[in-house]
file entry24.cif (mmCIF, C-alpha atoms)
data_protein
#
loop_
_atom_site.label_atom_id
_atom_site.label_comp_id
_atom_site.auth_asym_id
_atom_site.auth_seq_id
_atom_site.Cartn_x
_atom_site.Cartn_y
_atom_site.Cartn_z
CA ILE A 1 335.98 -37.50 16.99
CA SER A 2 334.45 -38.81 20.18
CA HIS A 3 336.17 -41.98 21.33
CA THR A 4 333.24 -42.67 23.62
CA ARG A 5 330.80 -42.59 20.72
CA ASP A 6 333.01 -44.84 18.60
CA THR A 7 333.28 -47.35 21.42
CA HIS A 8 329.51 -47.29 21.89
CA GLN A 9 328.92 -47.84 18.16
CA LEU A 10 331.20 -50.87 18.11
CA HIS A 11 329.69 -52.22 21.33
CA THR A 12 326.19 -51.90 19.87
CA LEU A 13 327.23 -53.64 16.67
CA ILE A 14 328.93 -56.49 18.48
CA GLN A 15 326.02 -56.89 20.89
CA ALA A 16 323.72 -57.24 17.89
CA TYR A 17 325.94 -59.97 16.48
CA LYS A 18 326.50 -61.93 19.70
CA ALA A 19 325.06 -65.42 19.98
CA ASP A 20 322.87 -66.22 22.96
CA ASP A 21 325.57 -68.47 24.37
CA GLU A 22 328.41 -66.26 25.57
CA LEU A 23 330.86 -69.12 25.14
CA GLU A 24 330.29 -68.97 21.41
CA MET A 25 332.04 -65.61 21.30
CA THR A 26 335.41 -67.32 21.22
CA THR A 27 334.66 -70.19 18.85
CA VAL A 28 336.66 -70.32 15.66
CA CYS A 29 334.35 -72.50 13.56
CA HIS A 30 333.45 -69.41 11.49
CA ARG A 31 336.95 -67.98 11.44
CA PRO A 32 337.80 -66.55 8.04
CA GLU A 33 341.04 -67.30 6.28
CA GLY A 34 343.62 -64.65 7.05
CA LEU A 35 342.22 -63.65 10.43
CA GLU A 36 345.68 -62.74 11.66
CA GLN A 37 346.23 -60.64 8.55
CA LEU A 38 342.95 -58.78 9.13
CA GLU A 39 343.92 -58.18 12.74
CA ALA A 40 347.15 -56.57 11.51
CA GLN A 41 345.37 -54.51 8.85
CA THR A 42 342.51 -53.21 11.02
CA ASN A 43 342.03 -51.75 14.49
CA PHE A 44 340.02 -54.75 15.72
CA THR A 45 341.15 -57.54 18.03
CA LYS A 46 340.99 -61.18 16.99
CA GLN A 47 337.96 -61.76 19.22
CA GLU A 48 336.14 -58.75 17.76
CA LEU A 49 336.84 -59.99 14.24
CA GLN A 50 335.46 -63.42 15.14
CA ILE A 51 332.24 -61.85 16.47
CA LEU A 52 331.91 -59.58 13.43
CA TYR A 53 332.53 -62.48 11.06
CA ARG A 54 329.91 -64.62 12.78
CA GLY A 55 327.34 -61.86 12.34
CA PHE A 56 328.42 -61.26 8.74
CA LYS A 57 328.01 -64.95 7.90
CA ASN A 58 324.63 -65.12 9.63
CA GLU A 59 323.34 -62.30 7.42
CA CYS A 60 325.25 -63.41 4.32
CA PRO A 61 325.94 -67.16 4.30
CA SER A 62 327.65 -66.89 0.89
CA GLY A 63 330.35 -64.70 2.42
CA MET A 64 329.44 -61.78 0.15
CA VAL A 65 326.79 -59.05 0.29
CA ASN A 66 325.11 -57.75 -2.85
CA GLU A 67 323.51 -54.33 -2.97
CA GLU A 68 319.92 -55.47 -2.49
CA THR A 69 320.81 -57.44 0.66
CA PHE A 70 322.82 -54.48 1.95
CA LYS A 71 319.85 -52.14 1.42
CA HIS A 72 317.53 -54.55 3.21
CA ILE A 73 319.83 -54.81 6.23
CA TYR A 74 320.46 -51.07 6.38
CA ALA A 75 316.76 -50.17 6.08
CA GLN A 76 316.09 -51.94 9.38
CA PHE A 77 318.08 -49.26 11.22
CA PHE A 78 315.99 -46.41 9.75
CA PRO A 79 312.35 -47.57 9.77
CA HIS A 80 310.94 -44.02 9.67
CA GLY A 81 312.77 -42.90 6.54
CA ASP A 82 313.82 -44.12 3.11
CA ALA A 83 317.41 -45.40 3.39
CA SER A 84 317.64 -46.94 -0.09
CA MET A 85 319.61 -44.16 -1.81
CA TYR A 86 322.03 -43.63 1.05
CA ALA A 87 322.55 -47.38 1.33
CA HIS A 88 323.33 -47.40 -2.41
CA TYR A 89 326.09 -44.82 -1.99
CA LEU A 90 327.39 -46.46 1.18
CA PHE A 91 327.50 -49.84 -0.56
CA ASN A 92 329.60 -48.34 -3.34
CA ALA A 93 332.00 -46.85 -0.79
CA PHE A 94 332.51 -50.28 0.83
CA ASP A 95 332.74 -51.99 -2.58
CA THR A 96 336.27 -50.76 -3.22
CA THR A 97 336.84 -53.22 -6.09
CA ASN A 98 333.65 -52.05 -7.83
CA ASN A 99 332.52 -55.63 -8.53
CA GLY A 100 328.99 -55.39 -7.12
CA SER A 101 329.58 -57.24 -3.87
CA ILE A 102 331.13 -56.65 -0.45
CA LYS A 103 333.31 -59.34 1.08
CA PHE A 104 334.04 -59.56 4.78
CA LYS A 105 337.47 -57.98 4.28
CA ASP A 106 335.88 -54.96 2.51
CA PHE A 107 333.29 -54.61 5.27
CA VAL A 108 335.64 -54.85 8.23
CA THR A 109 338.29 -52.61 6.66
CA GLY A 110 335.78 -49.80 6.13
CA LEU A 111 334.25 -50.32 9.56
CA SER A 112 337.67 -50.13 11.18
CA ILE A 113 338.29 -46.72 9.62
CA LEU A 114 334.86 -45.35 10.56
CA LEU A 115 334.99 -46.54 14.16
CA ARG A 116 338.67 -46.38 15.07
CA GLY A 117 340.56 -44.66 12.29
CA THR A 118 342.47 -41.41 12.64
CA LEU A 119 340.68 -38.16 11.88
CA ARG A 120 342.47 -37.99 8.53
CA GLU A 121 341.44 -41.56 7.65
CA LYS A 122 337.80 -40.88 8.54
CA LEU A 123 337.75 -37.71 6.45
CA GLU A 124 339.37 -39.49 3.48
CA TRP A 125 336.76 -42.26 3.70
CA THR A 126 333.96 -39.69 3.86
CA PHE A 127 335.43 -37.87 0.85
CA HIS A 128 335.37 -41.08 -1.19
CA LEU A 129 331.74 -41.63 -0.17
CA TYR A 130 330.82 -38.20 -1.60
CA ASP A 131 332.97 -38.69 -4.72
CA ILE A 132 330.27 -40.74 -6.43
CA ASN A 133 331.90 -41.00 -9.87
CA ARG A 134 335.36 -41.62 -8.34
CA ASP A 135 337.11 -38.95 -10.36
CA GLY A 136 338.97 -37.59 -7.33
CA TYR A 137 336.74 -34.52 -6.89
CA ILE A 138 333.42 -33.72 -5.25
CA ASN A 139 331.15 -31.54 -7.35
CA ARG A 140 328.05 -29.75 -6.16
CA GLU A 141 325.70 -32.34 -7.70
CA GLU A 142 327.44 -35.22 -5.92
CA MET A 143 327.29 -33.54 -2.54
CA THR A 144 323.63 -32.64 -3.09
CA GLU A 145 322.76 -36.26 -3.88
CA ILE A 146 324.42 -37.56 -0.71
CA VAL A 147 322.94 -34.88 1.56
CA ARG A 148 319.44 -35.45 0.15
CA ALA A 149 319.87 -39.19 0.66
CA ILE A 150 320.81 -38.60 4.30
CA TYR A 151 317.76 -36.37 4.89
CA ASP A 152 315.50 -38.95 3.19
CA MET A 153 316.91 -41.66 5.41
CA MET A 154 316.48 -39.74 8.66
CA GLY A 155 312.82 -39.13 7.80
CA LYS A 156 310.62 -37.45 10.35
CA TYR A 157 313.37 -37.62 12.97
CA THR A 158 315.58 -35.15 11.10
CA TYR A 159 316.25 -32.21 13.40
CA PRO A 160 315.32 -29.50 12.93
CA ALA A 161 312.23 -30.14 10.79
CA LEU A 162 313.39 -29.49 7.25
CA LYS A 163 311.87 -27.73 4.30
CA GLY A 164 312.52 -28.93 0.78
CA ASP A 165 315.33 -26.47 0.02
CA VAL A 166 317.32 -27.05 3.21
CA PRO A 167 319.58 -29.79 1.76
CA GLN A 168 320.57 -27.44 -1.08
CA GLN A 169 321.28 -24.63 1.39
CA HIS A 170 323.44 -27.05 3.36
CA VAL A 171 325.41 -27.94 0.25
CA ASP A 172 325.81 -24.29 -0.78
CA ALA A 173 327.24 -23.43 2.64
CA PHE A 174 329.62 -26.40 2.51
CA PHE A 175 330.85 -25.51 -0.96
CA GLN A 176 331.42 -21.89 -0.09
CA LYS A 177 333.81 -22.96 2.67
CA MET A 178 335.41 -25.95 0.95
CA ASP A 179 335.98 -24.79 -2.62
CA LYS A 180 338.88 -22.48 -1.80
CA ASN A 181 339.93 -21.75 -5.39
CA LYS A 182 336.33 -21.43 -6.65
CA ASP A 183 336.81 -23.90 -9.51
CA GLY A 184 333.49 -25.65 -8.88
CA VAL A 185 334.90 -28.85 -7.38
CA VAL A 186 336.34 -29.87 -4.02
CA THR A 187 339.60 -31.81 -3.86
CA LEU A 188 340.55 -34.20 -1.07
CA GLU A 189 342.92 -31.65 0.46
CA GLU A 190 340.32 -28.88 0.29
CA PHE A 191 337.81 -31.19 1.96
CA VAL A 192 340.17 -32.25 4.76
CA ILE A 193 341.46 -28.73 5.44
CA ALA A 194 337.96 -27.21 5.50
CA CYS A 195 336.69 -29.84 7.94
CA GLN A 196 339.71 -29.44 10.20
CA GLU A 197 339.53 -25.63 10.18
CA ASP A 198 335.80 -25.20 10.71
CA GLU A 199 334.33 -26.53 13.94
CA THR A 200 330.75 -26.23 12.67
CA MET A 201 331.56 -28.19 9.54
CA MET A 202 333.38 -30.84 11.55
CA ARG A 203 330.31 -31.26 13.76
CA SER A 204 328.21 -31.67 10.60
CA MET A 205 330.58 -34.35 9.31
CA GLN A 206 330.41 -36.10 12.69
CA LEU A 207 326.61 -35.99 12.44
CA PHE A 208 326.80 -37.69 9.06
CA GLU A 209 329.24 -40.22 10.47
CA ASN A 210 326.56 -41.36 12.90
CA VAL A 211 324.50 -42.63 9.95
CA MET A 212 327.44 -44.49 8.42
#
call {"tool": "encode", "arguments": {"input": "entry24.cif", "output": "structure tokens"}}
result
Amino acid sequence: ISHTRDTHQLHTLIQAYKADDELEMTTVCHRPEGLEQLEAQTNFTKQELQILYRGFKNECPSGMVNEETFKHIYAQFFPHGDASMYAHYLFNAFDTTNNGSIKFKDFVTGLSILLRGTLREKLEWTFHLYDINRDGYINREEMTEIVRAIYDMMGKYTYPALKGDVPQQHVDAFFQKMDKNKDGVVTLEEFVIACQEDETMMRSMQLFENVM
């Protein structure tokens, strides 16, 4: 996973959250409870957490994000496509307690994995995104739903220009490589091993990571 790209993603996010006054970067008036604990649990510095929390509170003054707000925020990044379904699945992946809302801790923990986690951590997080019903397996229908949602979100900028059956072809190719024992589902270990062994598949997963 490209460290340069991860650094750029975080820099872009933090720049978007920065106040006009640079001095406000280090204020603690919006500091969440347990900041030191979050610093220990994530790969962010205290200053980065303060900046992220300020932006989080600006978007969500209540301190929690519901799904509709999340979809609205996410749609702004993909104006030429329909991001609603992908945002739905992404919201569920961040909502680890399955209570219909994302708290700052949920948000920053997931973000830490996606931007600065180990390869294994990133692949595990991606697996849980695809495991829509949370039964510990990815079936063909689940993968198809996520891939179609990604193509819908990318809209006319999807490269190369896609025909209607391309997402299904993508899923078929993935399953052929991942489902080692041909039982119709992909386990976490099958998913991780397949991504680590196949450079093309890893590049595809990195492509998807860009939209997370």
call {"tool": "resolve_selection", "arguments": {"input": "entry24.cif", "expression": "the PyMOL selection byres ((chain A and resi 69-71) around 10)", "output": "ChimeraX atom specification"}}
result
/A:59-60,64-68,72-76,83-88,90-91,101-102
call {"tool": "write_last_selection", "arguments": {"input": "entry24.cif", "atoms": "C-alpha atoms", "output": "PDB file, keeping the file's coordinate frame"}}
result
ATOM      1  CA  GLU A  59     323.340 -62.300   7.420  1.00  0.00           C
ATOM      2  CA  CYS A  60     325.250 -63.410   4.320  1.00  0.00           C
ATOM      3  CA  MET A  64     329.440 -61.780   0.150  1.00  0.00           C
ATOM      4  CA  VAL A  65     326.790 -59.050   0.290  1.00  0.00           C
ATOM      5  CA  ASN A  66     325.110 -57.750  -2.850  1.00  0.00           C
ATOM      6  CA  GLU A  67     323.510 -54.330  -2.970  1.00  0.00           C
ATOM      7  CA  GLU A  68     319.920 -55.470  -2.490  1.00  0.00           C
ATOM      8  CA  HIS A  72     317.530 -54.550   3.210  1.00  0.00           C
ATOM      9  CA  ILE A  73     319.830 -54.810   6.230  1.00  0.00           C
ATOM     10  CA  TYR A  74     320.460 -51.070   6.380  1.00  0.00           C
ATOM     11  CA  ALA A  75     316.760 -50.170   6.080  1.00  0.00           C
ATOM     12  CA  GLN A  76     316.090 -51.940   9.380  1.00  0.00           C
ATOM     13  CA  ALA A  83     317.410 -45.400   3.390  1.00  0.00           C
ATOM     14  CA  SER A  84     317.640 -46.940  -0.090  1.00  0.00           C
ATOM     15  CA  MET A  85     319.610 -44.160  -1.810  1.00  0.00           C
ATOM     16  CA  TYR A  86     322.030 -43.630   1.050  1.00  0.00           C
ATOM     17  CA  ALA A  87     322.550 -47.380   1.330  1.00  0.00           C
ATOM     18  CA  HIS A  88     323.330 -47.400  -2.410  1.00  0.00           C
ATOM     19  CA  LEU A  90     327.390 -46.460   1.180  1.00  0.00           C
ATOM     20  CA  PHE A  91     327.500 -49.840  -0.560  1.00  0.00           C
ATOM     21  CA  SER A 101     329.580 -57.240  -3.870  1.00  0.00           C
ATOM     22  CA  ILE A 102     331.130 -56.650  -0.450  1.00  0.00           C
TER      23      ILE A 102
END
call {"tool": "axis_aligned_box", "arguments": {"input": "entry24.cif", "around": "segment 100-111 of chain A", "padding_each_side": "3 Å", "output": "AutoDock Vina command-line options"}}
result
--center_x 333.6 --center_y -54.7 --center_z 1.2 --size_x 15.3 --size_y 15.8 --size_z 22.7
call {"tool": "residues_around", "arguments": {"input": "entry24.cif", "residues": "Thr96 of chain A", "least_positions_apart": "2", "cutoff": "12 Å", "atoms": "all atoms listed in the file", "output": "list in words"}}
result
Tyr89, Leu90, Phe91, Asn92, Ala93, Phe94, Asn98, Asn99, Gly100, Ser101, Ile102, Lys103, Lys105, Asp106, Phe107, Thr109, Gly110, Trp125, His128, Leu129 and Arg134 of chain A
call {"tool": "atom_distance", "arguments": {"input": "entry24.cif", "atom1": "atom CA of Thr187 of chain A", "atom2": "atom CA of Thr126 of chain A"}}
result
12.4 Å
call {"tool": "closest_residue", "arguments": {"input": "entry24.cif", "among": "A:Pro61, A:Met201, A:Gly81, A:Glu145", "to": "Asp131 of chain A", "atoms": "all atoms listed in the file"}}
result
A:Glu145
call {"tool": "atom_distance", "arguments": {"input": "entry24.cif", "atom1": "atom CA of Phe104 of chain A", "atom2": "atom CA of Tyr53 of chain A"}}
result
7.1 Å
call {"tool": "residues_around", "arguments": {"input": "entry24.cif", "residues": "Asp165 of chain A", "least_positions_apart": "6", "cutoff": "12 Å", "atoms": "only C-alpha atoms", "output": "number ranges by chain"}}
result
A: 144, 147-148, 151, 171-172
call {"tool": "resolve_selection", "arguments": {"input": "entry24.cif", "expression": "the PyMOL selection byres ((chain A and resi 80) around 10)", "output": "list of chain:residue names"}}
result
A:Ala75, A:Gln76, A:Phe77, A:Phe78, A:Pro79, A:Gly81, A:Asp82, A:Ala83, A:Asp152, A:Met153, A:Met154, A:Gly155, A:Lys156, A:Tyr157
call {"tool": "closest_residue", "arguments": {"input": "entry24.cif", "among": "A:Ser204, A:Gln50, A:Asn58, A:Gln169", "to": "Leu35 of chain A", "atoms": "all atoms listed in the file"}}
result
A:Gln50
call {"tool": "closest_residue", "arguments": {"input": "entry24.cif", "among": "A:Arg140, A:His170, A:Lys122, A:Arg116", "to": "Gly184 of chain A", "atoms": "only C-alpha atoms"}}
result
A:Arg140
call {"tool": "closest_residue", "arguments": {"input": "entry24.cif", "among": "A:Met178, A:Gln47, A:Ser62, A:Ala173", "to": "Gln196 of chain A", "atoms": "only C-alpha atoms"}}
result
A:Met178
call {"tool": "residues_around", "arguments": {"input": "entry24.cif", "residues": "segment 40-46 of chain A", "least_positions_apart": "5", "cutoff": "10 Å", "atoms": "all atoms listed in the file", "output": "number ranges by chain"}}
result
A: 10, 26, 31, 34-35, 51-52, 105, 108-113, 115-117
call {"tool": "atom_distance", "arguments": {"input": "entry24.cif", "atom1": "atom CA of Asp179 of chain A", "atom2": "atom CA of Ala194 of chain A"}}
result
8.7 Å
call {"tool": "resolve_selection", "arguments": {"input": "entry24.cif", "expression": "the PyMOL selection byres ((chain A and resi 185) around 12)", "output": "number ranges by chain"}}
result
A: 130-131, 135-143, 174-184, 186-191
call {"tool": "decode", "arguments": {"input": "entry24.cif", "residues": "segment 74-108 of chain A", "atoms": "C-alpha atoms", "output": "CSV table (one decimal), in the first residue's frame"}}
result
chain,number,residue,atom,x,y,z
A,74,TYR,CA,-20.1,11.5,1.1
A,75,ALA,CA,-22.1,12.5,-2.0
A,76,GLN,CA,-20.2,15.8,-2.2
A,77,PHE,CA,-17.0,13.9,-3.1
A,78,PHE,CA,-18.6,12.1,-6.1
A,79,PRO,CA,-20.8,14.7,-7.8
A,80,HIS,CA,-20.8,12.8,-11.1
A,81,GLY,CA,-22.1,9.5,-9.8
A,82,ASP,CA,-24.6,8.1,-7.4
A,83,ALA,CA,-22.8,7.4,-4.1
A,84,SER,CA,-25.9,6.6,-2.0
A,85,MET,CA,-25.6,2.8,-2.0
A,86,TYR,CA,-21.8,2.7,-1.4
A,87,ALA,CA,-22.2,5.3,1.4
A,88,HIS,CA,-24.8,3.0,2.9
A,89,TYR,CA,-22.4,0.1,3.0
A,90,LEU,CA,-19.5,2.2,4.2
A,91,PHE,CA,-21.7,3.7,7.0
A,92,ASN,CA,-22.5,0.1,8.2
A,93,ALA,CA,-18.8,-0.7,8.1
A,94,PHE,CA,-18.0,2.3,10.4
A,95,ASP,CA,-21.0,1.6,12.6
A,96,THR,CA,-19.4,-1.3,14.4
A,97,THR,CA,-22.0,-1.3,17.2
A,98,ASN,CA,-24.8,-1.5,14.6
A,99,ASN,CA,-26.9,1.2,16.4
A,100,GLY,CA,-27.5,3.4,13.4
A,101,SER,CA,-25.0,6.2,14.2
A,102,ILE,CA,-21.3,6.8,14.0
A,103,LYS,CA,-19.5,8.4,16.9
A,104,PHE,CA,-16.1,10.1,16.6
A,105,LYS,CA,-14.4,7.1,18.1
A,106,ASP,CA,-15.9,4.8,15.4
A,107,PHE,CA,-15.0,7.3,12.6
A,108,VAL,CA,-11.4,7.8,13.7
